[in-house]
file data35.pdb (PDB, C-alpha atoms, pLDDT in the B column)
ATOM      1  CA  MET A 127      44.353  62.490  81.394  1.00 69.00           C
ATOM      2  CA  LYS A 128      41.981  62.430  84.361  1.00 63.00           C
ATOM      3  CA  ARG A 129      39.178  61.310  82.084  1.00 69.00           C
ATOM      4  CA  ILE A 130      41.259  58.399  80.739  1.00 63.00           C
ATOM      5  CA  LEU A 131      42.209  57.343  84.262  1.00 56.00           C
ATOM      6  CA  PHE A 132      38.582  57.543  85.352  1.00 53.00           C
ATOM      7  CA  CYS A 133      37.435  55.448  82.371  1.00 49.00           C
ATOM      8  CA  MET A 134      40.118  52.835  83.031  1.00 53.00           C
ATOM      9  CA  CYS A 135      39.079  52.554  86.691  1.00 48.00           C
ATOM     10  CA  LEU A 136      35.420  52.302  85.713  1.00 45.00           C
ATOM     11  CA  LEU A 137      36.214  49.579  83.171  1.00 46.00           C
ATOM     12  CA  PHE A 138      38.209  47.660  85.791  1.00 48.00           C
ATOM     13  CA  PHE A 139      35.249  47.665  88.182  1.00 47.00           C
ATOM     14  CA  ILE A 140      32.768  46.674  85.499  1.00 43.00           C
ATOM     15  CA  LEU A 141      34.887  43.753  84.328  1.00 44.00           C
ATOM     16  CA  SER A 142      35.644  42.620  87.848  1.00 44.00           C
ATOM     17  CA  THR A 143      33.347  39.926  89.199  1.00 41.00           C
ATOM     18  CA  THR A 144      33.930  40.797  92.831  1.00 41.00           C
ATOM     19  CA  THR A 145      34.528  43.853  94.865  1.00 43.00           C
ATOM     20  CA  PHE A 146      36.960  43.925  97.720  1.00 47.00           C
ATOM     21  CA  ALA A 147      36.013  41.693 100.623  1.00 58.00           C
ATOM     22  CA  HIS A 148      37.829  40.831 103.794  1.00 82.00           C
ATOM     23  CA  VAL A 149      38.298  37.670 105.785  1.00 88.00           C
ATOM     24  CA  ARG A 150      36.663  37.415 109.165  1.00 87.00           C
ATOM     25  CA  THR A 151      37.731  34.813 111.715  1.00 89.00           C
ATOM     26  CA  ALA A 152      35.864  33.564 114.772  1.00 89.00           C
ATOM     27  CA  SER A 153      36.648  31.146 117.557  1.00 91.00           C
ATOM     28  CA  GLU A 154      33.531  29.612 119.069  1.00 92.00           C
ATOM     29  CA  PRO A 155      32.948  27.061 121.832  1.00 94.00           C
ATOM     30  CA  GLU A 156      31.028  24.009 120.656  1.00 94.00           C
ATOM     31  CA  TRP A 157      29.526  20.868 122.210  1.00 93.00           C
ATOM     32  CA  ASP A 158      31.494  18.436 124.440  1.00 94.00           C
ATOM     33  CA  GLY A 159      34.660  20.510 124.839  1.00 95.00           C
ATOM     34  CA  TYR A 160      35.192  21.211 121.139  1.00 96.00           C
ATOM     35  CA  TYR A 161      36.042  24.594 119.688  1.00 96.00           C
ATOM     36  CA  SER A 162      35.731  25.785 116.129  1.00 95.00           C
ATOM     37  CA  LEU A 163      37.925  28.289 114.355  1.00 94.00           C
ATOM     38  CA  THR A 164      36.305  29.547 111.163  1.00 94.00           C
ATOM     39  CA  ASN A 165      37.562  31.864 108.426  1.00 94.00           C
ATOM     40  CA  GLN A 166      34.918  33.393 106.201  1.00 91.00           C
ATOM     41  CA  THR A 167      34.721  35.793 103.318  1.00 87.00           C
ATOM     42  CA  VAL A 168      31.994  36.879 100.950  1.00 80.00           C
ATOM     43  CA  THR A 169      32.383  37.645  97.267  1.00 73.00           C
ATOM     44  CA  LYS A 170      30.183  40.547  96.361  1.00 64.00           C
ATOM     45  CA  PRO A 171      29.622  40.677  92.632  1.00 57.00           C
ATOM     46  CA  PHE A 172      29.860  44.037  91.025  1.00 51.00           C
ATOM     47  CA  TRP A 173      28.569  42.648  87.763  1.00 50.00           C
ATOM     48  CA  GLY A 174      27.982  39.157  86.381  1.00 53.00           C
ATOM     49  CA  GLY A 175      29.115  36.967  89.281  1.00 57.00           C
ATOM     50  CA  ALA A 176      27.570  34.881  92.009  1.00 60.00           C
ATOM     51  CA  ARG A 177      27.425  36.182  95.566  1.00 70.00           C
ATOM     52  CA  LEU A 178      29.211  33.408  97.444  1.00 80.00           C
ATOM     53  CA  GLN A 179      30.093  32.928 101.079  1.00 84.00           C
ATOM     54  CA  TYR A 180      33.128  30.768 101.747  1.00 86.00           C
ATOM     55  CA  GLY A 181      33.877  29.336 105.158  1.00 91.00           C
ATOM     56  CA  PHE A 182      36.772  27.158 106.284  1.00 95.00           C
ATOM     57  CA  THR A 183      36.385  25.510 109.695  1.00 96.00           C
ATOM     58  CA  LYS A 184      38.767  23.700 112.015  1.00 97.00           C
ATOM     59  CA  TYR A 185      36.786  21.771 114.624  1.00 97.00           C
ATOM     60  CA  THR A 186      38.873  20.353 117.461  1.00 97.00           C
ATOM     61  CA  ASN A 187      39.045  19.274 121.084  1.00 96.00           C
ATOM     62  CA  GLY A 188      42.840  19.060 121.121  1.00 95.00           C
ATOM     63  CA  GLU A 189      42.919  15.310 120.533  1.00 96.00           C
ATOM     64  CA  TYR A 190      40.682  15.025 117.483  1.00 97.00           C
ATOM     65  CA  THR A 191      40.412  17.531 114.630  1.00 97.00           C
ATOM     66  CA  GLU A 192      38.153  17.831 111.613  1.00 97.00           C
ATOM     67  CA  TYR A 193      38.112  20.362 108.793  1.00 98.00           C
ATOM     68  CA  TRP A 194      35.440  21.341 106.326  1.00 97.00           C
ATOM     69  CA  PHE A 195      34.717  23.925 103.701  1.00 94.00           C
ATOM     70  CA  ARG A 196      31.360  25.719 103.734  1.00 92.00           C
ATOM     71  CA  LEU A 197      29.840  27.230 100.617  1.00 90.00           C
ATOM     72  CA  ASP A 198      26.568  29.046 100.181  1.00 84.00           C
ATOM     73  CA  LYS A 199      24.915  31.414  97.738  1.00 77.00           C
ATOM     74  CA  ASN A 200      22.170  33.946  97.747  1.00 61.00           C
ATOM     75  CA  LYS A 201      18.772  32.212  97.747  1.00 55.00           C
ATOM     76  CA  ASP A 202      17.512  34.077  94.711  1.00 55.00           C
ATOM     77  CA  GLU A 203      20.136  32.270  92.665  1.00 62.00           C
ATOM     78  CA  ASP A 204      19.947  28.581  91.795  1.00 75.00           C
ATOM     79  CA  LYS A 205      20.624  25.822  94.335  1.00 84.00           C
ATOM     80  CA  LEU A 206      24.130  24.476  94.941  1.00 89.00           C
ATOM     81  CA  LEU A 207      24.567  20.782  94.188  1.00 92.00           C
ATOM     82  CA  PRO A 208      26.402  18.505  96.652  1.00 95.00           C
ATOM     83  CA  TYR A 209      29.377  17.632  94.441  1.00 96.00           C
ATOM     84  CA  ALA A 210      32.327  19.934  93.835  1.00 96.00           C
ATOM     85  CA  THR A 211      36.015  19.898  92.994  1.00 97.00           C
ATOM     86  CA  LEU A 212      38.850  21.626  94.803  1.00 97.00           C
ATOM     87  CA  ILE A 213      41.593  22.576  92.378  1.00 97.00           C
ATOM     88  CA  ILE A 214      44.766  22.957  94.410  1.00 98.00           C
ATOM     89  CA  ASP A 215      47.743  24.234  92.423  1.00 97.00           C
ATOM     90  CA  ASP A 216      46.136  22.960  89.192  1.00 96.00           C
ATOM     91  CA  ILE A 217      45.387  19.442  90.501  1.00 98.00           C
ATOM     92  CA  SER A 218      41.710  18.478  90.900  1.00 98.00           C
ATOM     93  CA  TYR A 219      40.288  16.755  93.967  1.00 98.00           C
ATOM     94  CA  PRO A 220      36.584  15.821  94.055  1.00 98.00           C
ATOM     95  CA  ILE A 221      34.738  16.621  97.278  1.00 97.00           C
ATOM     96  CA  VAL A 222      31.234  15.672  98.381  1.00 97.00           C
ATOM     97  CA  ALA A 223      28.992  17.604 100.756  1.00 96.00           C
ATOM     98  CA  VAL A 224      27.631  16.091 103.950  1.00 96.00           C
ATOM     99  CA  LYS A 225      24.191  14.655 103.146  1.00 94.00           C
ATOM    100  CA  ASP A 226      22.446  15.540 106.404  1.00 92.00           C
ATOM    101  CA  PRO A 227      24.584  18.073 108.272  1.00 92.00           C
ATOM    102  CA  ASN A 228      24.081  17.943 112.027  1.00 92.00           C
ATOM    103  CA  SER A 229      24.610  20.711 114.582  1.00 89.00           C
ATOM    104  CA  LYS A 230      28.388  20.234 114.461  1.00 92.00           C
ATOM    105  CA  TYR A 231      28.391  21.643 110.929  1.00 91.00           C
ATOM    106  CA  THR A 232      25.511  24.073 111.146  1.00 86.00           C
ATOM    107  CA  GLU A 233      26.562  25.739 114.408  1.00 86.00           C
ATOM    108  CA  ALA A 234      30.339  26.041 113.914  1.00 86.00           C
ATOM    109  CA  GLY A 235      31.216  29.458 112.561  1.00 76.00           C
ATOM    110  CA  LEU A 236      27.552  30.451 112.669  1.00 74.00           C
ATOM    111  CA  SER A 237      28.391  33.952 113.858  1.00 68.00           C
ATOM    112  CA  LEU A 238      30.137  34.529 110.525  1.00 67.00           C
ATOM    113  CA  ILE A 239      27.234  33.672 108.221  1.00 64.00           C
ATOM    114  CA  ASP A 240      26.031  36.919 106.700  1.00 55.00           C
ATOM    115  CA  ILE A 241      22.277  37.219 106.622  1.00 49.00           C
ATOM    116  CA  ALA A 242      22.108  40.896 105.733  1.00 45.00           C
ATOM    117  CA  VAL A 243      23.848  43.105 103.226  1.00 44.00           C
ATOM    118  CA  GLY A 244      23.548  46.768 104.074  1.00 42.00           C
ATOM    119  CA  THR A 245      19.877  47.486 104.529  1.00 39.00           C
ATOM    120  CA  HIS A 246      18.774  44.525 102.404  1.00 41.00           C
ATOM    121  CA  VAL A 247      18.137  41.180 104.044  1.00 40.00           C
ATOM    122  CA  MET A 248      19.817  38.343 102.181  1.00 45.00           C
ATOM    123  CA  GLN A 249      17.682  35.253 101.761  1.00 46.00           C
ATOM    124  CA  GLN A 250      19.807  32.261 102.717  1.00 53.00           C
ATOM    125  CA  GLY A 251      20.028  29.414 100.232  1.00 64.00           C
ATOM    126  CA  VAL A 252      21.225  25.850 100.654  1.00 78.00           C
ATOM    127  CA  ILE A 253      24.498  25.735 102.589  1.00 88.00           C
ATOM    128  CA  ARG A 254      26.881  22.922 101.642  1.00 93.00           C
ATOM    129  CA  TYR A 255      29.506  21.520 104.016  1.00 95.00           C
ATOM    130  CA  PHE A 256      32.393  19.686 102.352  1.00 97.00           C
ATOM    131  CA  PRO A 257      34.548  17.606 104.747  1.00 98.00           C
ATOM    132  CA  LEU A 258      38.252  17.766 103.944  1.00 98.00           C
ATOM    133  CA  SER A 259      40.572  14.787 104.410  1.00 97.00           C
ATOM    134  CA  SER A 260      43.946  15.059 106.119  1.00 97.00           C
ATOM    135  CA  ASP A 261      45.564  14.635 102.679  1.00 98.00           C
ATOM    136  CA  LEU A 262      43.671  17.665 101.345  1.00 98.00           C
ATOM    137  CA  ILE A 263      44.556  19.667 104.460  1.00 98.00           C
ATOM    138  CA  ALA A 264      48.250  18.881 103.890  1.00 98.00           C
ATOM    139  CA  LYS A 265      47.918  20.152 100.300  1.00 98.00           C
ATOM    140  CA  ILE A 266      45.997  23.284 101.349  1.00 98.00           C
ATOM    141  CA  LYS A 267      48.660  24.050 103.955  1.00 97.00           C
ATOM    142  CA  VAL A 268      51.283  24.621 101.232  1.00 98.00           C
ATOM    143  CA  ALA A 269      49.010  25.661  98.349  1.00 97.00           C
ATOM    144  CA  LYS A 270      49.746  28.716  96.248  1.00 97.00           C
ATOM    145  CA  ARG A 271      46.323  28.846  94.552  1.00 97.00           C
ATOM    146  CA  ILE A 272      42.978  27.162  95.157  1.00 96.00           C
ATOM    147  CA  GLN A 273      39.913  27.189  92.968  1.00 94.00           C
ATOM    148  CA  LEU A 274      36.531  25.663  93.603  1.00 93.00           C
ATOM    149  CA  LYS A 275      34.561  24.149  90.755  1.00 94.00           C
ATOM    150  CA  PHE A 276      30.920  23.739  91.695  1.00 92.00           C
ATOM    151  CA  ASP A 277      27.590  22.991  90.082  1.00 90.00           C
ATOM    152  CA  THR A 278      24.170  24.490  90.543  1.00 87.00           C
ATOM    153  CA  VAL A 279      20.774  23.482  89.246  1.00 88.00           C
ATOM    154  CA  ASP A 280      21.026  25.928  86.341  1.00 86.00           C
ATOM    155  CA  ARG A 281      24.785  25.993  85.652  1.00 86.00           C
ATOM    156  CA  ILE A 282      27.576  23.457  85.921  1.00 91.00           C
ATOM    157  CA  ASN A 283      31.358  23.707  86.096  1.00 93.00           C
ATOM    158  CA  ARG A 284      31.379  27.172  87.625  1.00 89.00           C
ATOM    159  CA  ILE A 285      34.826  28.074  88.880  1.00 88.00           C
ATOM    160  CA  ALA A 286      35.523  30.427  91.754  1.00 86.00           C
ATOM    161  CA  VAL A 287      39.022  31.396  92.830  1.00 89.00           C
ATOM    162  CA  ILE A 288      39.549  31.269  96.589  1.00 91.00           C
ATOM    163  CA  PRO A 289      40.823  34.765  97.449  1.00 91.00           C
ATOM    164  CA  ASN A 290      44.462  34.907  98.549  1.00 93.00           C
ATOM    165  CA  ASP A 291      43.604  36.459 101.909  1.00 93.00           C
ATOM    166  CA  LEU A 292      41.235  33.582 102.649  1.00 93.00           C
ATOM    167  CA  LEU A 293      43.849  31.021 101.591  1.00 96.00           C
ATOM    168  CA  GLU A 294      46.395  32.651 103.915  1.00 96.00           C
ATOM    169  CA  ALA A 295      43.884  32.640 106.783  1.00 95.00           C
ATOM    170  CA  MET A 296      43.107  28.955 106.126  1.00 96.00           C
ATOM    171  CA  GLN A 297      46.809  28.110 106.290  1.00 97.00           C
ATOM    172  CA  ILE A 298      47.156  29.951 109.596  1.00 96.00           C
ATOM    173  CA  THR A 299      44.076  28.168 110.955  1.00 96.00           C
ATOM    174  CA  ILE A 300      45.532  24.766 110.054  1.00 97.00           C
ATOM    175  CA  ASP A 301      48.599  25.584 112.186  1.00 97.00           C
ATOM    176  CA  THR A 302      46.614  27.043 115.102  1.00 96.00           C
ATOM    177  CA  SER A 303      46.638  24.810 118.190  1.00 96.00           C
ATOM    178  CA  PHE A 304      43.606  23.931 120.288  1.00 96.00           C
ATOM    179  CA  GLU A 305      44.834  26.119 123.172  1.00 96.00           C
ATOM    180  CA  GLN A 306      45.280  29.088 120.843  1.00 95.00           C
ATOM    181  CA  ILE A 307      41.773  28.581 119.442  1.00 95.00           C
ATOM    182  CA  LYS A 308      40.343  28.325 122.951  1.00 93.00           C
ATOM    183  CA  ASN A 309      42.185  31.500 124.019  1.00 93.00           C
ATOM    184  CA  GLN A 310      40.944  33.415 120.968  1.00 90.00           C
ATOM    185  CA  TRP A 311      37.385  33.145 122.229  1.00 89.00           C
ATOM    186  CA  GLN A 312      37.077  36.439 124.093  1.00 84.00           C
ATOM    187  CA  PRO A 313      33.404  37.210 124.725  1.00 85.00           C
ATOM    188  CA  LYS A 314      32.340  40.367 126.484  1.00 84.00           C
ATOM    189  CA  ASN A 315      31.573  39.551 130.108  1.00 85.00           C
ATOM    190  CA  ASP A 316      28.581  41.489 131.412  1.00 86.00           C
ATOM    191  CA  ASP A 317      29.582  40.622 135.021  1.00 85.00           C
ATOM    192  CA  ASN A 318      32.682  42.805 134.654  1.00 73.00           C
ATOM    193  CA  LYS A 319      30.862  46.116 134.393  1.00 67.00           C
TER
END

call {"tool": "encode", "arguments": {"input": "data35.pdb", "output": "structure tokens"}}
result
Amino acid sequence: MKRILFCMCLLFFILSTTTFAHVRTASEPEWDGYYSLTNQTVTKPFWGGARLQYGFTKYTNGEYTEYWFRLDKNKDEDKLLPYATLIIDDISYPIVAVKDPNSKYTEAGLSLIDIAVGTHVMQQGVIRYFPLSSDLIAKIKVAKRIQLKFDTVDRINRIAVIPNDLLEAMQITIDTSFEQIKNQWQPKNDDNK
């Protein structure tokens, strides 16, 4: 019986494309009184999948708010193309990456970009930033399931399911006020030793 249970567990892990990951969230101060709140998770393929980093960012100063989705892959895999599709509860919405991302995109949530895995340094590939309209944010806020269809140089129409814990964190982030985001930033203060 133990042998059968062991074999079933082993088969589950082999057939699984990701191992367990967790969502990390960071509040960071940005330029000109803005703050970003970013949720990030990494899929770590056990066998046959792409190592992806997903990031969802709310960028706000209390009066103006933007959202975007960040996607990147391991550099030793093929390059991500700038066109993708969000599939929210089985309805497809095309999204396009920012052509020349400025510091607003590249610095927000930067503390959550993994550059190392264990003792092995991960080579960073092209990071894509997909701005999300207020209509998409309204749909994400009540979504039950989100998938991302993306293309790379070597493969097209790849589909990745956004993990449920990331979706839940994204929905919480959408509802988080500017003051809450600002108060979540709690750096260690070396003056208070």

call {"tool": "resolve_selection", "arguments": {"input": "data35.pdb", "expression": "the PyMOL selection byres ((chain A and resi 285-293) around 10)", "output": "JSON, numbers by chain"}}
result
{"A": [146, 147, 148, 149, 150, 151, 165, 166, 167, 168, 169, 175, 176, 178, 180, 181, 182, 210, 211, 212, 213, 266, 267, 268, 269, 270, 271, 272, 273, 274, 275, 276, 277, 282, 283, 284, 294, 295, 296, 297, 298, 299]}

call {"tool": "write_last_selection", "arguments": {"input": "data35.pdb", "atoms": "C-alpha atoms", "output": "tab-separated table (two decimals), in the coordinates of the input"}}
result
chain	number	residue	atom	x	y	z
A	146	PHE	CA	36.96	43.92	97.72
A	147	ALA	CA	36.01	41.69	100.62
A	148	HIS	CA	37.83	40.83	103.79
A	149	VAL	CA	38.30	37.67	105.78
A	150	ARG	CA	36.66	37.42	109.16
A	151	THR	CA	37.73	34.81	111.72
A	165	ASN	CA	37.56	31.86	108.43
A	166	GLN	CA	34.92	33.39	106.20
A	167	THR	CA	34.72	35.79	103.32
A	168	VAL	CA	31.99	36.88	100.95
A	169	THR	CA	32.38	37.65	97.27
A	175	GLY	CA	29.12	36.97	89.28
A	176	ALA	CA	27.57	34.88	92.01
A	178	LEU	CA	29.21	33.41	97.44
A	180	TYR	CA	33.13	30.77	101.75
A	181	GLY	CA	33.88	29.34	105.16
A	182	PHE	CA	36.77	27.16	106.28
A	210	ALA	CA	32.33	19.93	93.84
A	211	THR	CA	36.02	19.90	92.99
A	212	LEU	CA	38.85	21.63	94.80
A	213	ILE	CA	41.59	22.58	92.38
A	266	ILE	CA	46.00	23.28	101.35
A	267	LYS	CA	48.66	24.05	103.96
A	268	VAL	CA	51.28	24.62	101.23
A	269	ALA	CA	49.01	25.66	98.35
A	270	LYS	CA	49.75	28.72	96.25
A	271	ARG	CA	46.32	28.85	94.55
A	272	ILE	CA	42.98	27.16	95.16
A	273	GLN	CA	39.91	27.19	92.97
A	274	LEU	CA	36.53	25.66	93.60
A	275	LYS	CA	34.56	24.15	90.76
A	276	PHE	CA	30.92	23.74	91.70
A	277	ASP	CA	27.59	22.99	90.08
A	282	ILE	CA	27.58	23.46	85.92
A	283	ASN	CA	31.36	23.71	86.10
A	284	ARG	CA	31.38	27.17	87.62
A	294	GLU	CA	46.40	32.65	103.92
A	295	ALA	CA	43.88	32.64	106.78
A	296	MET	CA	43.11	28.96	106.13
A	297	GLN	CA	46.81	28.11	106.29
A	298	ILE	CA	47.16	29.95	109.60
A	299	THR	CA	44.08	28.17	110.96

call {"tool": "atom_distance", "arguments": {"input": "data35.pdb", "atom1": "atom CA of Val222 of chain A", "atom2": "atom CA of Leu197 of chain A"}}
result
11.9 Å

call {"tool": "closest_residue", "arguments": {"input": "data35.pdb", "among": "A:Pro227, A:Pro257, A:Gly188, A:Gly235", "to": "Tyr209 of chain A", "atoms": "all atoms listed in the file"}}
result
A:Pro257

call {"tool": "residues_around", "arguments": {"input": "data35.pdb", "residues": "Ser260 of chain A", "least_positions_apart": "2", "cutoff": "12 Å", "atoms": "all atoms listed in the file", "output": "list in words"}}
result
Lys184, Tyr190, Thr191, Glu192, Tyr193, Trp194, Pro257, Leu258, Leu262, Ile263, Ala264, Lys265, Ile266, Lys267 and Ile300 of chain A

call {"tool": "resolve_selection", "arguments": {"input": "data35.pdb", "expression": "the PyMOL selection byres ((chain A and resi 205) around 6)", "output": "short mmCIF file (atom, residue, chain, number, x, y, z; two decimals) with C-alpha atoms, in the frame of the given file"}}
result
data_model
loop_
_atom_site.label_atom_id
_atom_site.label_comp_id
_atom_site.auth_asym_id
_atom_site.auth_seq_id
_atom_site.Cartn_x
_atom_site.Cartn_y
_atom_site.Cartn_z
CA ASP A 204 19.95 28.58 91.80
CA LEU A 206 24.13 24.48 94.94
CA THR A 278 24.17 24.49 90.54
CA VAL A 279 20.77 23.48 89.25
#

call {"tool": "closest_residue", "arguments": {"input": "data35.pdb", "among": "A:Phe304, A:Phe195, A:Trp311, A:Tyr255", "to": "Ser229 of chain A", "atoms": "only C-alpha atoms"}}
result
A:Tyr255

call {"tool": "atom_distance", "arguments": {"input": "data35.pdb", "atom1": "atom CA of Arg196 of chain A", "atom2": "atom CA of Leu236 of chain A"}}
result
10.8 Å

call {"tool": "closest_residue", "arguments": {"input": "data35.pdb", "among": "A:Glu305, A:Asp280, A:Asp261, A:Asp317", "to": "Gly159 of chain A", "atoms": "all atoms listed in the file"}}
result
A:Glu305

call {"tool": "closest_residue", "arguments": {"input": "data35.pdb", "among": "A:Pro313, A:Gln306, A:Arg177, A:Asp158", "to": "Lys230 of chain A", "atoms": "all atoms listed in the file"}}
result
A:Asp158

call {"tool": "atom_distance", "arguments": {"input": "data35.pdb", "atom1": "atom CA of Val252 of chain A", "atom2": "atom CA of Ser218 of chain A"}}
result
23.9 Å
